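Chemist: Please find one structure pasted underneath; my questions will follow.
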Amino acid sequence: MTEVRYFAAAAEAAGRSGESLAAGTVGELRELMVSRHGEALERVLSRCSLLVDGVASPDDVSLDDDTVVDVLPPFAGG
Amino acid sequence: MPLPPLVAPGPPLTRADSDRLARHLMLPQVGEDGQRRIMAARVAVVGAGGLGSPVLQYLAAAGVGTIAIIDDDVVERSNLQRQVLHTVADIGRRKVDSAAEKIAELAPRATLVKHAVRLDAGNAEQILGGYDVVLDGTDNFTTRYLVNDTCARLGTPLVWASIFQFDAQVSVFWSRPPAPAAPVTLRDLFPQAPPEGSVPSCAEAGVLGVLCGQVGSVMAAEALKLIAGFGEPLLGRVLVVDALNARWTEVPLRPRATAQAGPGARPAASVPPVPSVPSVPPVPLTRVPPPPGGYPPHPGRTGPARPTPPAPSGIGRISADELDRRLQARRRREDDFELVDVRDPAEFAQNSIPGAQLIPLSFALTEAGRTGLDTHTEVILYCKTGPRADRAATAFERAGFRTAVLAGGIDAWENR
């Protein structure tokens, strides 16, 4: 299982701060998250970084068991 | 992973410096050595707004020697909810002028450099070059990526934070950290700036004013840690702040594998997996090994790594009765030592042990405070009950003195 942690707007759109999901790649994980939480999360996800054990990873990256994926939206305020 | 100090120590502290910075000098991890590094440091702060305000205030208060302020905005009424350096009277003034004026009042000896310009590809390297560390508190993606890419080219560490509504992210980026730390930059966290207009700004969606203070203070602390080489910097970690729920979470950050991988390589394949953890936060950080041949050296000024000072152990004790006997012997010139009171002048004025000289603790912790004493003569130290004398004795011992501390302090002396 992949441990997903949602932050900021991603947590708001998913309605939770994290969940365990089973996916083979980052792309599959992305589809699973959207199917569970809908369009609101899809919009946020399109600009989020998905950090796989700390590494920003595109959809083709495979996920091992016990991977932690952090979903971080960018913002620029200062 | 602790990093060596970024800045070599400047000149010894004066008595006025040691009074002002007494609370830093008493921290063994900072001490006079760390404070001298802070006072010799050259720091550039990009943005004198929400994050820049607390950053500038705390860096100036900490005694940073040279501070550059870069901002092309003027103060607006809507800024005052969070940009605490500026006041009602500053509305319409350039932020660099308002900010420099305030921090000059706080730190009159700091060298302040004002750049009332917008950073662009043509001026960024020239403006940011020559600083030991850069702090980014700007308010747009274009400038943020420019500052990041410029610091990455220069090899300058970047303390970075951004805020939005109730959320913030803080980290330290450094393209050429000392080995074995892995180089990470903003592009490892967010490879590309999002398309223009796809992400709302604080002007459009709001920001909790006080979040700037929480996050700016973290930034200033990270800068001081890098400068003086104490503690564990936020390199390779992103601190994610959720002010609405009062949650601070640590997210690991490692270099993107794609940066080194050839075409067609599976990006994650070359990265060792993080060991599994029973509960989710916090995730332990696995270091990526340095590339063959190591990283190029950081071009900035460096100093030797400082070992963590030992705990005050093995300091000799002397009882009040024994001190009394030795003071009598000293009057007969049969004994030789210096008796030093390390309390505050006001306490010394109220009562003191005859034959003692006053060197308040903060001054006793500096080289200048010890110059009147000879390392060949034993120093007996006292305070009210003992802890301050212990702290001073540790510094004296490290400077080559033989010391003893009056057990129970002047309280024990008066009750003997």
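Within each chain, counting starts at residue 1; across the structure tokens, chains are named A, B, ... in the order shown, with ligands numbered 1 upward in that order.
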Taking only residues of chain B that have an atom at most 6 Å from an atom of chain A, what is each one's shortest atom pair and its distance in Å to one decimal, using only C-alpha atoms, in chain and number order, as a Markdown table?
Modeler:
```
| residue | atom | partner | partner_atom | distance |
| --- | --- | --- | --- | --- |
| B:Gly50 | CA | A:Gly78 | CA | 5.6 |
| B:Leu51 | CA | A:Gly78 | CA | 5.4 |
| B:Gly137 | CA | A:Gly78 | CA | 4.8 |
| B:Thr138 | CA | A:Gly78 | CA | 5.0 |
| B:Asp139 | CA | A:Gly77 | CA | 4.4 |
| B:Asn140 | CA | A:Ala76 | CA | 5.1 |
| B:Phe141 | CA | A:Ala76 | CA | 5.6 |
| B:Ser162 | CA | A:Gly77 | CA | 5.2 |
| B:Ile163 | CA | A:Gly77 | CA | 4.7 |
| B:Phe164 | CA | A:Gly77 | CA | 5.5 |
| B:Asp167 | CA | A:Ala8 | CA | 5.9 |
| B:Cys202 | CA | A:Gly77 | CA | 5.8 |
| B:Pro252 | CA | A:Gly54 | CA | 4.6 |
| B:Leu253 | CA | A:Gly54 | CA | 4.2 |
| B:Arg254 | CA | A:Gly54 | CA | 5.2 |
| B:Arg256 | CA | A:Val55 | CA | 5.5 |
| B:Ala268 | CA | A:Val61 | CA | 5.8 |
| B:Ser276 | CA | A:Asp66 | CA | 5.5 |
```
Chemist: Keeping all heavy atoms, export the residues of the selection given above as a compact mmCIF listing (two decimals), in the first residue's frame.
Modeler:
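The resulting selection.txt:
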```txt
# COMPACT_ATOMS: atom_id res chain seq x y z
N GLY B 50 5.61 40.47 3.71
CA GLY B 50 5.11 39.66 4.81
C GLY B 50 6.19 38.80 5.43
O GLY B 50 6.39 38.81 6.65
N LEU B 51 6.91 38.04 4.64
CA LEU B 51 7.99 37.20 5.16
C LEU B 51 9.23 38.03 5.44
O LEU B 51 9.93 37.81 6.43
CB LEU B 51 8.32 36.07 4.18
CG LEU B 51 7.23 35.02 3.97
CD1 LEU B 51 7.61 34.07 2.83
CD2 LEU B 51 6.97 34.24 5.25
N GLY B 137 11.53 35.83 0.12
CA GLY B 137 10.18 36.04 0.62
C GLY B 137 9.38 36.84 -0.40
O GLY B 137 8.60 37.72 -0.03
N THR B 138 9.57 36.55 -1.68
CA THR B 138 8.88 37.32 -2.72
C THR B 138 7.48 36.76 -2.93
O THR B 138 7.08 35.78 -2.31
CB THR B 138 9.66 37.24 -4.06
OG1 THR B 138 9.87 35.87 -4.38
CG2 THR B 138 10.98 37.94 -3.95
N ASP B 139 6.71 37.39 -3.83
CA ASP B 139 5.29 37.05 -3.91
C ASP B 139 4.86 36.57 -5.29
O ASP B 139 3.69 36.62 -5.62
CB ASP B 139 4.45 38.26 -3.49
CG ASP B 139 4.67 39.45 -4.41
OD1 ASP B 139 5.47 39.34 -5.37
OD2 ASP B 139 4.03 40.49 -4.19
N ASN B 140 5.82 36.13 -6.11
CA ASN B 140 5.39 35.62 -7.43
C ASN B 140 6.35 34.54 -7.91
O ASN B 140 7.52 34.51 -7.53
CB ASN B 140 5.32 36.78 -8.45
CG ASN B 140 6.69 37.39 -8.71
OD1 ASN B 140 7.42 36.92 -9.57
ND2 ASN B 140 7.06 38.40 -7.93
N PHE B 141 5.80 33.67 -8.76
CA PHE B 141 6.59 32.52 -9.23
C PHE B 141 7.78 32.95 -10.07
O PHE B 141 8.86 32.36 -9.98
CB PHE B 141 5.70 31.55 -10.02
CG PHE B 141 4.75 30.76 -9.17
CD1 PHE B 141 3.39 31.04 -9.18
CD2 PHE B 141 5.21 29.75 -8.33
CE1 PHE B 141 2.51 30.31 -8.39
CE2 PHE B 141 4.33 29.02 -7.53
CZ PHE B 141 2.98 29.30 -7.55
N SER B 162 7.17 29.98 1.14
CA SER B 162 6.04 30.63 0.49
C SER B 162 4.79 30.36 1.32
O SER B 162 4.71 29.37 2.06
CB SER B 162 5.86 30.15 -0.96
OG SER B 162 5.44 28.82 -0.97
N ILE B 163 3.85 31.30 1.23
CA ILE B 163 2.65 31.22 2.06
C ILE B 163 1.42 31.47 1.20
O ILE B 163 1.49 32.13 0.14
CB ILE B 163 2.69 32.26 3.20
CG1 ILE B 163 2.92 33.68 2.64
CG2 ILE B 163 3.77 31.95 4.21
CD1 ILE B 163 2.75 34.77 3.67
N PHE B 164 0.28 30.95 1.64
CA PHE B 164 -0.98 31.15 0.94
C PHE B 164 -2.11 30.79 1.90
O PHE B 164 -2.12 29.68 2.44
CB PHE B 164 -1.03 30.26 -0.31
CG PHE B 164 -2.30 30.36 -1.09
CD1 PHE B 164 -2.61 31.53 -1.79
CD2 PHE B 164 -3.19 29.31 -1.13
CE1 PHE B 164 -3.79 31.62 -2.53
CE2 PHE B 164 -4.37 29.39 -1.87
CZ PHE B 164 -4.67 30.56 -2.57
N ASP B 167 -1.62 28.23 4.75
CA ASP B 167 -0.59 27.22 4.50
C ASP B 167 0.76 27.84 4.15
O ASP B 167 0.82 28.92 3.55
CB ASP B 167 -1.04 26.31 3.35
CG ASP B 167 -2.31 25.55 3.70
OD1 ASP B 167 -2.26 24.78 4.67
OD2 ASP B 167 -3.34 25.76 3.04
N CYS B 202 -2.09 35.55 -3.00
CA CYS B 202 -2.64 35.99 -1.71
C CYS B 202 -3.53 37.22 -1.91
O CYS B 202 -4.49 37.42 -1.17
CB CYS B 202 -1.50 36.32 -0.75
SG CYS B 202 -0.56 34.88 -0.23
N PRO B 252 10.19 14.91 3.39
CA PRO B 252 11.56 14.77 2.86
C PRO B 252 11.64 15.28 1.43
O PRO B 252 10.65 15.22 0.68
CB PRO B 252 11.81 13.26 2.93
CG PRO B 252 10.44 12.65 2.86
CD PRO B 252 9.48 13.62 3.49
N LEU B 253 12.78 15.79 1.06
CA LEU B 253 12.99 16.26 -0.31
C LEU B 253 14.36 15.79 -0.78
O LEU B 253 15.38 16.04 -0.13
CB LEU B 253 12.92 17.79 -0.38
CG LEU B 253 13.17 18.39 -1.77
CD1 LEU B 253 12.09 17.96 -2.75
CD2 LEU B 253 13.25 19.91 -1.70
N ARG B 254 14.36 15.08 -1.91
CA ARG B 254 15.63 14.59 -2.46
C ARG B 254 15.75 15.02 -3.91
O ARG B 254 14.74 15.35 -4.56
CB ARG B 254 15.67 13.06 -2.33
CG ARG B 254 15.65 12.62 -0.87
CD ARG B 254 15.87 11.14 -0.72
NE ARG B 254 14.75 10.38 -1.22
CZ ARG B 254 14.86 9.16 -1.72
NH1 ARG B 254 16.05 8.60 -1.84
NH2 ARG B 254 13.80 8.51 -2.14
N ARG B 256 15.78 15.21 -7.82
CA ARG B 256 15.05 14.45 -8.83
C ARG B 256 16.02 13.56 -9.58
O ARG B 256 17.06 14.03 -10.05
CB ARG B 256 14.37 15.40 -9.82
CG ARG B 256 13.05 15.94 -9.30
CD ARG B 256 12.38 16.76 -10.36
NE ARG B 256 13.26 17.80 -10.85
CZ ARG B 256 13.28 18.25 -12.09
NH1 ARG B 256 12.49 17.72 -12.99
NH2 ARG B 256 14.10 19.21 -12.44
N ALA B 268 12.63 6.58 -10.96
CA ALA B 268 12.79 6.23 -9.55
C ALA B 268 13.76 5.08 -9.35
O ALA B 268 14.16 4.80 -8.24
CB ALA B 268 11.45 5.88 -8.94
N SER B 276 10.72 1.33 5.29
CA SER B 276 9.33 1.51 5.69
C SER B 276 9.28 1.98 7.14
O SER B 276 10.14 1.68 7.94
CB SER B 276 8.57 0.20 5.54
OG SER B 276 9.10 -0.73 6.45
```
Chemist: Assign secondary structure with DSSP using the backbone only, and return the residues of chain A in strand (DSSP E) as an MDAnalysis selection string.
Modeler: chainID A and resid 2:6 18:21 49:52 55:56 68:72
Chemist: So how far away is CA of Arg94 (chain B) from CA of Ala121 (chain B), in Å?
Modeler: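 One can read the CA of Ala121 (chain B) to CA of Arg94 (chain B) distance as 22.3 Å.
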Chemist: Choose the residue, out of B:Gly31, B:Gly10, B:Pro200, B:Pro233, that has the smallest atom-to-atom separation from Ala220 (chain B); count only C-alpha atoms.
Modeler: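 The answer is B:Pro233, which sits nearest to Ala220 (chain B).
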Chemist: Give me, as a PyMOL selection string, all polymer residues having an atom no more than 6 Å from Ala14 (chain A), counting only C-alpha atoms and skipping those fewer than 3 positions away in the same chain.
Modeler: chain A and resi 11+37+41
Chemist: Kindly indicate which residue among B:Val46, B:Arg109, B:Phe173, B:Arg325 lies nearest to Ala124 (chain B), using only C-alpha atoms for the distances.
Modeler: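 Result for the nearest residue to Ala124 (chain B): B:Val46.
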Chemist: Just to confirm, what's the straight-line distance from CA of Asn123 (chain B) to CA of Pro9 (chain B) in Å (one decimal)?
Modeler: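 CA of Pro9 (chain B) lies 29.7 Å from CA of Asn123 (chain B).
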Chemist: Could you give me the residues within chain A that DSSP places in alpha helix (DSSP H), as a list in words?
Modeler: Ala8, Ala9, Ala10, Ala11, Glu12, Ala13, Ala14, Val26, Gly27, Glu28, Leu29, Arg30, Glu31, Leu32, Met33, Val34, Ser35, Arg36, His37, Gly38, Glu39, Ala40, Leu41, Glu42, Arg43, Val44 and Leu45 of chain A
Chemist: Any idea what the distance is between CA of Lys95 (chain B) and CA of Trp160 (chain B)?
Modeler: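 That distance, rounded to one decimal, is 20.0 Å.
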Chemist: Using only C-alpha atoms, which residues sit within 12 Å of region 347-350 of chain B once same-chain residues fewer than 6 positions away are excluded, as a PDB file with all heavy atoms, in the first residue's frame?
Modeler:
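Wrote it out as around_22.pdb, contents follow:
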```pdb
ATOM      1  N   VAL B 340      36.515  36.162  40.567  1.00  0.00           N
ATOM      2  CA  VAL B 340      35.686  36.854  39.564  1.00  0.00           C
ATOM      3  C   VAL B 340      34.201  36.620  39.859  1.00  0.00           C
ATOM      4  O   VAL B 340      33.756  35.487  39.987  1.00  0.00           O
ATOM      5  CB  VAL B 340      36.034  36.368  38.142  1.00  0.00           C
ATOM      6  CG1 VAL B 340      35.069  36.976  37.118  1.00  0.00           C
ATOM      7  CG2 VAL B 340      37.477  36.725  37.793  1.00  0.00           C
ATOM      8  N   ASP B 341      33.485  37.734  39.963  1.00  0.00           N
ATOM      9  CA  ASP B 341      32.028  37.712  40.154  1.00  0.00           C
ATOM     10  C   ASP B 341      31.404  37.859  38.765  1.00  0.00           C
ATOM     11  O   ASP B 341      31.658  38.843  38.068  1.00  0.00           O
ATOM     12  CB  ASP B 341      31.640  38.890  41.059  1.00  0.00           C
ATOM     13  CG  ASP B 341      30.165  38.913  41.428  1.00  0.00           C
ATOM     14  OD1 ASP B 341      29.329  38.502  40.590  1.00  0.00           O
ATOM     15  OD2 ASP B 341      29.853  39.360  42.552  1.00  0.00           O
ATOM     16  N   ALA B 356      36.940  40.599  45.071  1.00  0.00           N
ATOM     17  CA  ALA B 356      36.444  40.071  43.788  1.00  0.00           C
ATOM     18  C   ALA B 356      36.405  41.181  42.746  1.00  0.00           C
ATOM     19  O   ALA B 356      36.230  42.351  43.085  1.00  0.00           O
ATOM     20  CB  ALA B 356      35.044  39.492  43.956  1.00  0.00           C
ATOM     21  N   GLN B 357      36.585  40.810  41.498  1.00  0.00           N
ATOM     22  CA  GLN B 357      36.348  41.773  40.414  1.00  0.00           C
ATOM     23  C   GLN B 357      35.134  41.326  39.613  1.00  0.00           C
ATOM     24  O   GLN B 357      34.843  40.131  39.515  1.00  0.00           O
ATOM     25  CB  GLN B 357      37.578  41.909  39.520  1.00  0.00           C
ATOM     26  CG  GLN B 357      38.025  40.609  38.875  1.00  0.00           C
ATOM     27  CD  GLN B 357      39.114  40.848  37.839  1.00  0.00           C
ATOM     28  OE1 GLN B 357      38.948  41.653  36.937  1.00  0.00           O
ATOM     29  NE2 GLN B 357      40.229  40.149  37.990  1.00  0.00           N
ATOM     30  N   LEU B 358      34.428  42.317  39.043  1.00  0.00           N
ATOM     31  CA  LEU B 358      33.199  42.032  38.311  1.00  0.00           C
ATOM     32  C   LEU B 358      33.480  41.832  36.823  1.00  0.00           C
ATOM     33  O   LEU B 358      34.074  42.690  36.175  1.00  0.00           O
ATOM     34  CB  LEU B 358      32.217  43.198  38.483  1.00  0.00           C
ATOM     35  CG  LEU B 358      30.940  43.119  37.625  1.00  0.00           C
ATOM     36  CD1 LEU B 358      30.025  42.001  38.100  1.00  0.00           C
ATOM     37  CD2 LEU B 358      30.208  44.454  37.630  1.00  0.00           C
ATOM     38  N   ILE B 359      33.116  40.657  36.305  1.00  0.00           N
ATOM     39  CA  ILE B 359      33.075  40.444  34.845  1.00  0.00           C
ATOM     40  C   ILE B 359      31.734  39.760  34.564  1.00  0.00           C
ATOM     41  O   ILE B 359      31.615  38.541  34.712  1.00  0.00           O
ATOM     42  CB  ILE B 359      34.238  39.565  34.329  1.00  0.00           C
ATOM     43  CG1 ILE B 359      35.596  40.095  34.797  1.00  0.00           C
ATOM     44  CG2 ILE B 359      34.198  39.489  32.797  1.00  0.00           C
ATOM     45  CD1 ILE B 359      36.787  39.260  34.318  1.00  0.00           C
ATOM     46  N   PRO B 360      30.694  40.524  34.193  1.00  0.00           N
ATOM     47  CA  PRO B 360      29.374  39.909  33.987  1.00  0.00           C
ATOM     48  C   PRO B 360      29.456  38.754  32.991  1.00  0.00           C
ATOM     49  O   PRO B 360      30.259  38.801  32.055  1.00  0.00           O
ATOM     50  CB  PRO B 360      28.522  41.056  33.430  1.00  0.00           C
ATOM     51  CG  PRO B 360      29.223  42.299  33.854  1.00  0.00           C
ATOM     52  CD  PRO B 360      30.689  41.958  33.885  1.00  0.00           C
ATOM     53  N   TYR B 382      32.335  33.005  40.839  1.00  0.00           N
ATOM     54  CA  TYR B 382      31.093  32.797  41.588  1.00  0.00           C
ATOM     55  C   TYR B 382      29.969  33.633  40.986  1.00  0.00           C
ATOM     56  O   TYR B 382      30.207  34.619  40.285  1.00  0.00           O
ATOM     57  CB  TYR B 382      31.277  33.111  43.081  1.00  0.00           C
ATOM     58  CG  TYR B 382      31.404  34.578  43.424  1.00  0.00           C
ATOM     59  CD1 TYR B 382      30.266  35.349  43.710  1.00  0.00           C
ATOM     60  CD2 TYR B 382      32.645  35.196  43.505  1.00  0.00           C
ATOM     61  CE1 TYR B 382      30.378  36.687  44.063  1.00  0.00           C
ATOM     62  CE2 TYR B 382      32.764  36.536  43.856  1.00  0.00           C
ATOM     63  CZ  TYR B 382      31.624  37.284  44.129  1.00  0.00           C
ATOM     64  OH  TYR B 382      31.738  38.605  44.461  1.00  0.00           O
ATOM     65  N   CYS B 383      28.729  33.189  41.258  1.00  0.00           N
ATOM     66  CA  CYS B 383      27.542  33.992  40.938  1.00  0.00           C
ATOM     67  C   CYS B 383      26.645  33.913  42.169  1.00  0.00           C
ATOM     68  O   CYS B 383      27.144  33.848  43.281  1.00  0.00           O
ATOM     69  CB  CYS B 383      26.860  33.504  39.666  1.00  0.00           C
ATOM     70  SG  CYS B 383      26.343  31.776  39.721  1.00  0.00           S
ATOM     71  N   LYS B 384      25.326  33.932  41.976  1.00  0.00           N
ATOM     72  CA  LYS B 384      24.461  33.890  43.162  1.00  0.00           C
ATOM     73  C   LYS B 384      24.464  32.503  43.800  1.00  0.00           C
ATOM     74  O   LYS B 384      24.705  32.359  44.980  1.00  0.00           O
ATOM     75  CB  LYS B 384      23.037  34.305  42.778  1.00  0.00           C
ATOM     76  CG  LYS B 384      22.078  34.385  43.961  1.00  0.00           C
ATOM     77  CD  LYS B 384      20.790  35.075  43.539  1.00  0.00           C
ATOM     78  CE  LYS B 384      19.615  34.819  44.483  1.00  0.00           C
ATOM     79  NZ  LYS B 384      19.889  34.774  45.899  1.00  0.00           N
ATOM     80  N   ILE B 410      27.464  33.114  46.102  1.00  0.00           N
ATOM     81  CA  ILE B 410      27.600  34.121  47.176  1.00  0.00           C
ATOM     82  C   ILE B 410      26.582  33.853  48.283  1.00  0.00           C
ATOM     83  O   ILE B 410      26.800  34.217  49.439  1.00  0.00           O
ATOM     84  CB  ILE B 410      27.496  35.561  46.612  1.00  0.00           C
ATOM     85  CG1 ILE B 410      28.018  36.564  47.646  1.00  0.00           C
ATOM     86  CG2 ILE B 410      26.087  35.867  46.154  1.00  0.00           C
ATOM     87  CD1 ILE B 410      28.241  37.966  47.103  1.00  0.00           C
TER      88      ILE B 410
END
```
Chemist: Please list as JSON, numbers by chain every residue within 8 Å of Val240 (chain B), counting only C-alpha atoms and excluding residues in the same chain fewer than 4 positions away.
Modeler: {"A": [7], "B": [167, 168, 169, 170, 248, 249, 250, 251]}
Chemist: Go ahead and dump the residues you just picked, N, CA and C atoms, as a PDB file, in the first residue's frame.
Modeler:
```pdb
ATOM      1  N   PHE A   7      -1.618  17.857   1.359  1.00  0.00           N
ATOM      2  CA  PHE A   7      -1.342  19.117   2.049  1.00  0.00           C
ATOM      3  C   PHE A   7      -2.107  20.271   1.394  1.00  0.00           C
TER       4      PHE A   7
ATOM      5  N   ASP B 167      -1.616  28.234   4.753  1.00  0.00           N
ATOM      6  CA  ASP B 167      -0.592  27.220   4.497  1.00  0.00           C
ATOM      7  C   ASP B 167       0.759  27.841   4.150  1.00  0.00           C
ATOM      8  N   ALA B 168       1.806  27.133   4.508  1.00  0.00           N
ATOM      9  CA  ALA B 168       3.148  27.603   4.180  1.00  0.00           C
ATOM     10  C   ALA B 168       4.068  26.418   3.943  1.00  0.00           C
ATOM     11  N   GLN B 169       5.111  26.667   3.175  1.00  0.00           N
ATOM     12  CA  GLN B 169       6.181  25.692   2.953  1.00  0.00           C
ATOM     13  C   GLN B 169       7.503  26.417   3.170  1.00  0.00           C
ATOM     14  N   VAL B 170       8.403  25.800   3.903  1.00  0.00           N
ATOM     15  CA  VAL B 170       9.714  26.393   4.192  1.00  0.00           C
ATOM     16  C   VAL B 170      10.785  25.349   3.935  1.00  0.00           C
ATOM     17  N   TRP B 248       2.445  21.153  11.973  1.00  0.00           N
ATOM     18  CA  TRP B 248       3.707  21.348  11.259  1.00  0.00           C
ATOM     19  C   TRP B 248       4.194  19.960  10.866  1.00  0.00           C
ATOM     20  N   THR B 249       4.343  19.727   9.577  1.00  0.00           N
ATOM     21  CA  THR B 249       4.737  18.406   9.100  1.00  0.00           C
ATOM     22  C   THR B 249       6.045  18.514   8.328  1.00  0.00           C
ATOM     23  N   GLU B 250       6.889  17.504   8.507  1.00  0.00           N
ATOM     24  CA  GLU B 250       8.154  17.490   7.791  1.00  0.00           C
ATOM     25  C   GLU B 250       8.023  16.562   6.586  1.00  0.00           C
ATOM     26  N   VAL B 251       8.364  17.070   5.415  1.00  0.00           N
ATOM     27  CA  VAL B 251       8.308  16.278   4.186  1.00  0.00           C
ATOM     28  C   VAL B 251       9.736  16.139   3.671  1.00  0.00           C
TER      29      VAL B 251
END
```
Chemist: With a distance cut-off of 7 Å and only C-alpha atoms, select the neighbouring residues of region 80-90 of chain B, excluding the residue or stretch itself and same-chain residues fewer than 3 positions from it, and output the selection as a list in words.
Modeler: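 Counting only the stated atoms, we get Gly49, Gly50, Ser53, Val75, Arg77, Arg93, Ser98, Ala99, Lys102, Gly209, Val210 and Cys212 of chain B.
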Chemist: I need the residue nearest Val117 (chain B) from this list: B:Pro183, B:Gly34, B:Gly129, B:Gly47. Use only C-alpha atoms for the distance.
Modeler: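 Among the listed residues, the smallest separation from Val117 (chain B) belongs to B:Gly47.
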Chemist: Pick the closest to Leu365 (chain B) from B:Cys151, B:Ile69, B:Leu244, B:Ala389: which is it, counting only C-alpha atoms?
Modeler: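 Ranking B:Cys151, B:Ile69, B:Leu244, B:Ala389 by distance to Leu365 (chain B), first place goes to B:Ala389.
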